[in-house]
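Asks: Below is a structure I'd like to ask you about.
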Amino acid sequence: MTEEVPRRLIKVTDPRALRAYAHPLRMRLIGLLRGEGPMTATQAAARLDDNVPNCSFHLRQLAKYGFAERVPGADGRERPWRATTQYTSWDDDSDDPVMRAATDQINSVMLGLYLQRAQDYLAIRADEPVEWRVAAGFGDTLLHVTAAELREVMEKIDALLARYDERIADPAKRPPGSRPVTLVQMALPRGIAAPPAPASGDGP
């Protein structure tokens with residue numbers, strides 16, 4: 001019998017589900033399940049330095065909205081939890097004020113988590129091997145692009161990163177010396193969009 005594996009992506013269109021997901025501990029729990037595989041609430045609490053009842057409650061809330069699910073345990077005792085998908089996405093183009101408020105909320109929570117991860121990395125960076133200090137770090141690039149071009153850039157980045165997806169579920173595919181790395185993507189428009197140039201022959 002083959003083991004069922006989580007789907008690659010879930011796209012959330014319900015603002016209630018987004019608000020339920022937009023919680024720091026719940027997002028850390030899902031990240032833990034996706035990165036390390038199924039585990040019990042007890043194991044998750046130990047990994048996240050939290051308490052078991054709190055993790056159990058938030059795992060149940062994640063399951064209520066389809067982000068996590070129970071799987072059979074090896075010893076028939078506490079059943080582990082697993083993430084139902086490898087990634088979560090949502091649209092930021094809704095004109096519905098309720099949906100826009102939900103996406104703003106989840107984006108704000110994500111930004112806070114990313115900032116904390118960056119600060120945690122800086123705190124231990126001096127102890128990292130030199131090869132990892134060189135490979136990892138921060139940077140930015142200024143682009144002058146249209147909205148369509150920016151979407152194309154992001155889609156190409158997503159396609160490149162997808163080449164490594166199989167290593168998440170199958171440790172045997174991870175090369176020697178590999179380790180988990182969080183790659184944060186942010187595209188932040190600056191200023192006001194330039195008005196379209198007049199068509200040839202137009203003008204005063």
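Lettering and numbering for the structure tokens are positional, with chains as A, B, ... in the shown order, residues counted from 1 in each chain, and ligands counted from 1 in the shown order.
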Residues of region 48-104 of chain A in strand (DSSP E) according to DSSP, as a PDB file with N, CA and C atoms, in the first residue's frame?

Replies:
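And here's result_8.pdb as it stands now:
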ATOM      1  N   ALA A  68      -4.854  21.018   8.624  1.00  0.00           N
ATOM      2  CA  ALA A  68      -4.182  19.885   9.261  1.00  0.00           C
ATOM      3  C   ALA A  68      -5.179  18.744   9.407  1.00  0.00           C
ATOM      4  N   GLU A  69      -4.645  17.540   9.640  1.00  0.00           N
ATOM      5  CA  GLU A  69      -5.501  16.374   9.813  1.00  0.00           C
ATOM      6  C   GLU A  69      -4.768  15.327  10.641  1.00  0.00           C
ATOM      7  N   ARG A  70      -5.537  14.432  11.237  1.00  0.00           N
ATOM      8  CA  ARG A  70      -4.973  13.335  11.998  1.00  0.00           C
ATOM      9  C   ARG A  70      -4.512  12.225  11.055  1.00  0.00           C
ATOM     10  N   TRP A  81      -0.494  14.563  14.023  1.00  0.00           N
ATOM     11  CA  TRP A  81      -1.103  15.502  13.084  1.00  0.00           C
ATOM     12  C   TRP A  81      -0.160  15.666  11.895  1.00  0.00           C
ATOM     13  N   ARG A  82      -0.734  15.983  10.751  1.00  0.00           N
ATOM     14  CA  ARG A  82       0.078  16.342   9.602  1.00  0.00           C
ATOM     15  C   ARG A  82      -0.581  17.494   8.860  1.00  0.00           C
ATOM     16  N   ALA A  83       0.215  18.252   8.127  1.00  0.00           N
ATOM     17  CA  ALA A  83      -0.311  19.312   7.263  1.00  0.00           C
ATOM     18  C   ALA A  83      -0.958  18.675   6.044  1.00  0.00           C
ATOM     19  N   THR A  85      -1.342  20.143   3.121  1.00  0.00           N
ATOM     20  CA  THR A  85      -0.672  20.593   1.899  1.00  0.00           C
ATOM     21  C   THR A  85       0.715  21.112   2.252  1.00  0.00           C
ATOM     22  N   GLN A  86       1.556  21.245   1.233  1.00  0.00           N
ATOM     23  CA  GLN A  86       2.898  21.782   1.436  1.00  0.00           C
ATOM     24  C   GLN A  86       2.904  23.302   1.469  1.00  0.00           C
ATOM     25  N   TYR A  87       1.960  23.932   0.787  1.00  0.00           N
ATOM     26  CA  TYR A  87       1.923  25.394   0.711  1.00  0.00           C
ATOM     27  C   TYR A  87       0.488  25.900   0.835  1.00  0.00           C
ATOM     28  N   THR A  88       0.361  27.139   1.271  1.00  0.00           N
ATOM     29  CA  THR A  88      -0.929  27.817   1.343  1.00  0.00           C
ATOM     30  C   THR A  88      -0.836  29.103   0.539  1.00  0.00           C
ATOM     31  N   SER A  89      -1.867  29.389  -0.244  1.00  0.00           N
ATOM     32  CA  SER A  89      -1.880  30.642  -1.010  1.00  0.00           C
ATOM     33  C   SER A  89      -3.245  31.290  -0.896  1.00  0.00           C
ATOM     34  N   TRP A  90      -3.298  32.559  -1.244  1.00  0.00           N
ATOM     35  CA  TRP A  90      -4.553  33.311  -1.281  1.00  0.00           C
ATOM     36  C   TRP A  90      -4.360  34.466  -2.241  1.00  0.00           C
TER      37      TRP A  90
END

Asks: Applying 8 Å and only C-alpha atoms, which residues near region 15-24 of chain A remain after dropping the ones on its own chain fewer than 3 positions away? List them as JSON, numbers by chain.

Replies: {"A": [12, 27, 28, 61, 62, 65, 98, 99, 102, 103, 105, 106, 109, 110, 113]}

Asks: So that I can check the surroundings of region 126-139 of chain A, please list as number ranges by chain every protein, DNA and RNA residue that reaches within 12 Å of it, counting only C-alpha atoms and ignoring chain neighbours fewer than 5 positions away.

Replies: A: 115, 117-121, 177-186

Asks: Would you save the residues from that selection as a PDB file, in the first residue's frame, using N, CA, C and O atoms?

Replies:
ATOM      1  N   LEU A 115      10.332  38.353  10.450  1.00  0.00           N
ATOM      2  CA  LEU A 115      11.248  39.233  11.177  1.00  0.00           C
ATOM      3  C   LEU A 115      11.871  38.505  12.355  1.00  0.00           C
ATOM      4  O   LEU A 115      13.078  38.621  12.602  1.00  0.00           O
ATOM      5  N   ARG A 117      12.343  35.264  12.629  1.00  0.00           N
ATOM      6  CA  ARG A 117      13.296  34.277  12.113  1.00  0.00           C
ATOM      7  C   ARG A 117      14.612  34.942  11.727  1.00  0.00           C
ATOM      8  O   ARG A 117      15.697  34.399  11.962  1.00  0.00           O
ATOM      9  N   ALA A 118      14.522  36.121  11.127  1.00  0.00           N
ATOM     10  CA  ALA A 118      15.738  36.833  10.743  1.00  0.00           C
ATOM     11  C   ALA A 118      16.546  37.226  11.977  1.00  0.00           C
ATOM     12  O   ALA A 118      17.779  37.100  11.997  1.00  0.00           O
ATOM     13  N   GLN A 119      15.862  37.688  13.021  1.00  0.00           N
ATOM     14  CA  GLN A 119      16.556  38.060  14.247  1.00  0.00           C
ATOM     15  C   GLN A 119      17.175  36.837  14.923  1.00  0.00           C
ATOM     16  O   GLN A 119      18.289  36.911  15.457  1.00  0.00           O
ATOM     17  N   ASP A 120      16.455  35.700  14.885  1.00  0.00           N
ATOM     18  CA  ASP A 120      17.005  34.464  15.457  1.00  0.00           C
ATOM     19  C   ASP A 120      18.263  34.037  14.707  1.00  0.00           C
ATOM     20  O   ASP A 120      19.236  33.569  15.322  1.00  0.00           O
ATOM     21  N   TYR A 121      18.242  34.182  13.376  1.00  0.00           N
ATOM     22  CA  TYR A 121      19.410  33.801  12.589  1.00  0.00           C
ATOM     23  C   TYR A 121      20.605  34.704  12.918  1.00  0.00           C
ATOM     24  O   TYR A 121      21.731  34.230  13.089  1.00  0.00           O
ATOM     25  N   GLY A 177      24.768  17.002   3.488  1.00  0.00           N
ATOM     26  CA  GLY A 177      25.128  18.383   3.793  1.00  0.00           C
ATOM     27  C   GLY A 177      23.983  19.363   3.657  1.00  0.00           C
ATOM     28  O   GLY A 177      24.151  20.547   3.955  1.00  0.00           O
ATOM     29  N   SER A 178      22.808  18.903   3.211  1.00  0.00           N
ATOM     30  CA  SER A 178      21.670  19.810   3.072  1.00  0.00           C
ATOM     31  C   SER A 178      21.035  20.056   4.437  1.00  0.00           C
ATOM     32  O   SER A 178      21.198  19.274   5.366  1.00  0.00           O
ATOM     33  N   ARG A 179      20.315  21.151   4.541  1.00  0.00           N
ATOM     34  CA  ARG A 179      19.620  21.505   5.774  1.00  0.00           C
ATOM     35  C   ARG A 179      18.415  22.365   5.425  1.00  0.00           C
ATOM     36  O   ARG A 179      18.369  22.942   4.326  1.00  0.00           O
ATOM     37  N   PRO A 180      17.431  22.491   6.299  1.00  0.00           N
ATOM     38  CA  PRO A 180      16.278  23.344   5.996  1.00  0.00           C
ATOM     39  C   PRO A 180      16.693  24.813   5.907  1.00  0.00           C
ATOM     40  O   PRO A 180      17.503  25.295   6.701  1.00  0.00           O
ATOM     41  N   VAL A 181      16.151  25.499   4.931  1.00  0.00           N
ATOM     42  CA  VAL A 181      16.417  26.922   4.725  1.00  0.00           C
ATOM     43  C   VAL A 181      15.084  27.618   4.440  1.00  0.00           C
ATOM     44  O   VAL A 181      14.297  27.136   3.630  1.00  0.00           O
ATOM     45  N   THR A 182      14.837  28.722   5.115  1.00  0.00           N
ATOM     46  CA  THR A 182      13.654  29.530   4.830  1.00  0.00           C
ATOM     47  C   THR A 182      14.033  30.621   3.847  1.00  0.00           C
ATOM     48  O   THR A 182      14.882  31.469   4.147  1.00  0.00           O
ATOM     49  N   LEU A 183      13.427  30.596   2.673  1.00  0.00           N
ATOM     50  CA  LEU A 183      13.653  31.624   1.662  1.00  0.00           C
ATOM     51  C   LEU A 183      12.414  32.506   1.619  1.00  0.00           C
ATOM     52  O   LEU A 183      11.335  32.059   1.241  1.00  0.00           O
ATOM     53  N   VAL A 184      12.564  33.753   2.024  1.00  0.00           N
ATOM     54  CA  VAL A 184      11.433  34.676   2.117  1.00  0.00           C
ATOM     55  C   VAL A 184      11.319  35.471   0.832  1.00  0.00           C
ATOM     56  O   VAL A 184      12.312  36.035   0.355  1.00  0.00           O
ATOM     57  N   GLN A 185      10.106  35.541   0.269  1.00  0.00           N
ATOM     58  CA  GLN A 185       9.866  36.331  -0.934  1.00  0.00           C
ATOM     59  C   GLN A 185       8.985  37.526  -0.577  1.00  0.00           C
ATOM     60  O   GLN A 185       7.916  37.369  -0.010  1.00  0.00           O
ATOM     61  N   MET A 186       9.448  38.722  -0.940  1.00  0.00           N
ATOM     62  CA  MET A 186       8.655  39.935  -0.768  1.00  0.00           C
ATOM     63  C   MET A 186       8.866  40.825  -1.976  1.00  0.00           C
ATOM     64  O   MET A 186      10.001  41.115  -2.338  1.00  0.00           O
TER      65      MET A 186
END

Asks: Determine which residues of region 13-77 of chain A DSSP labels as alpha helix (DSSP H) from the backbone of this structure, then write them out as a PyMOL selection string.

Replies: chain A and resi 15-21+24-36+41-48+52-64

Asks: For CA of Pro72 (chain A) and CA of Asp165 (chain A), determine how far apart the two atoms are, in Å to one decimal place.

Replies: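 Computing it gives 24.0 Å between the two atoms.
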
Asks: Just give me the gap between CA of Ala169 (chain A) and CA of Ala41 (chain A) in Å, one decimal is fine.

Replies: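 Going from CA of Ala169 (chain A) over to CA of Ala41 (chain A) covers 19.9 Å.
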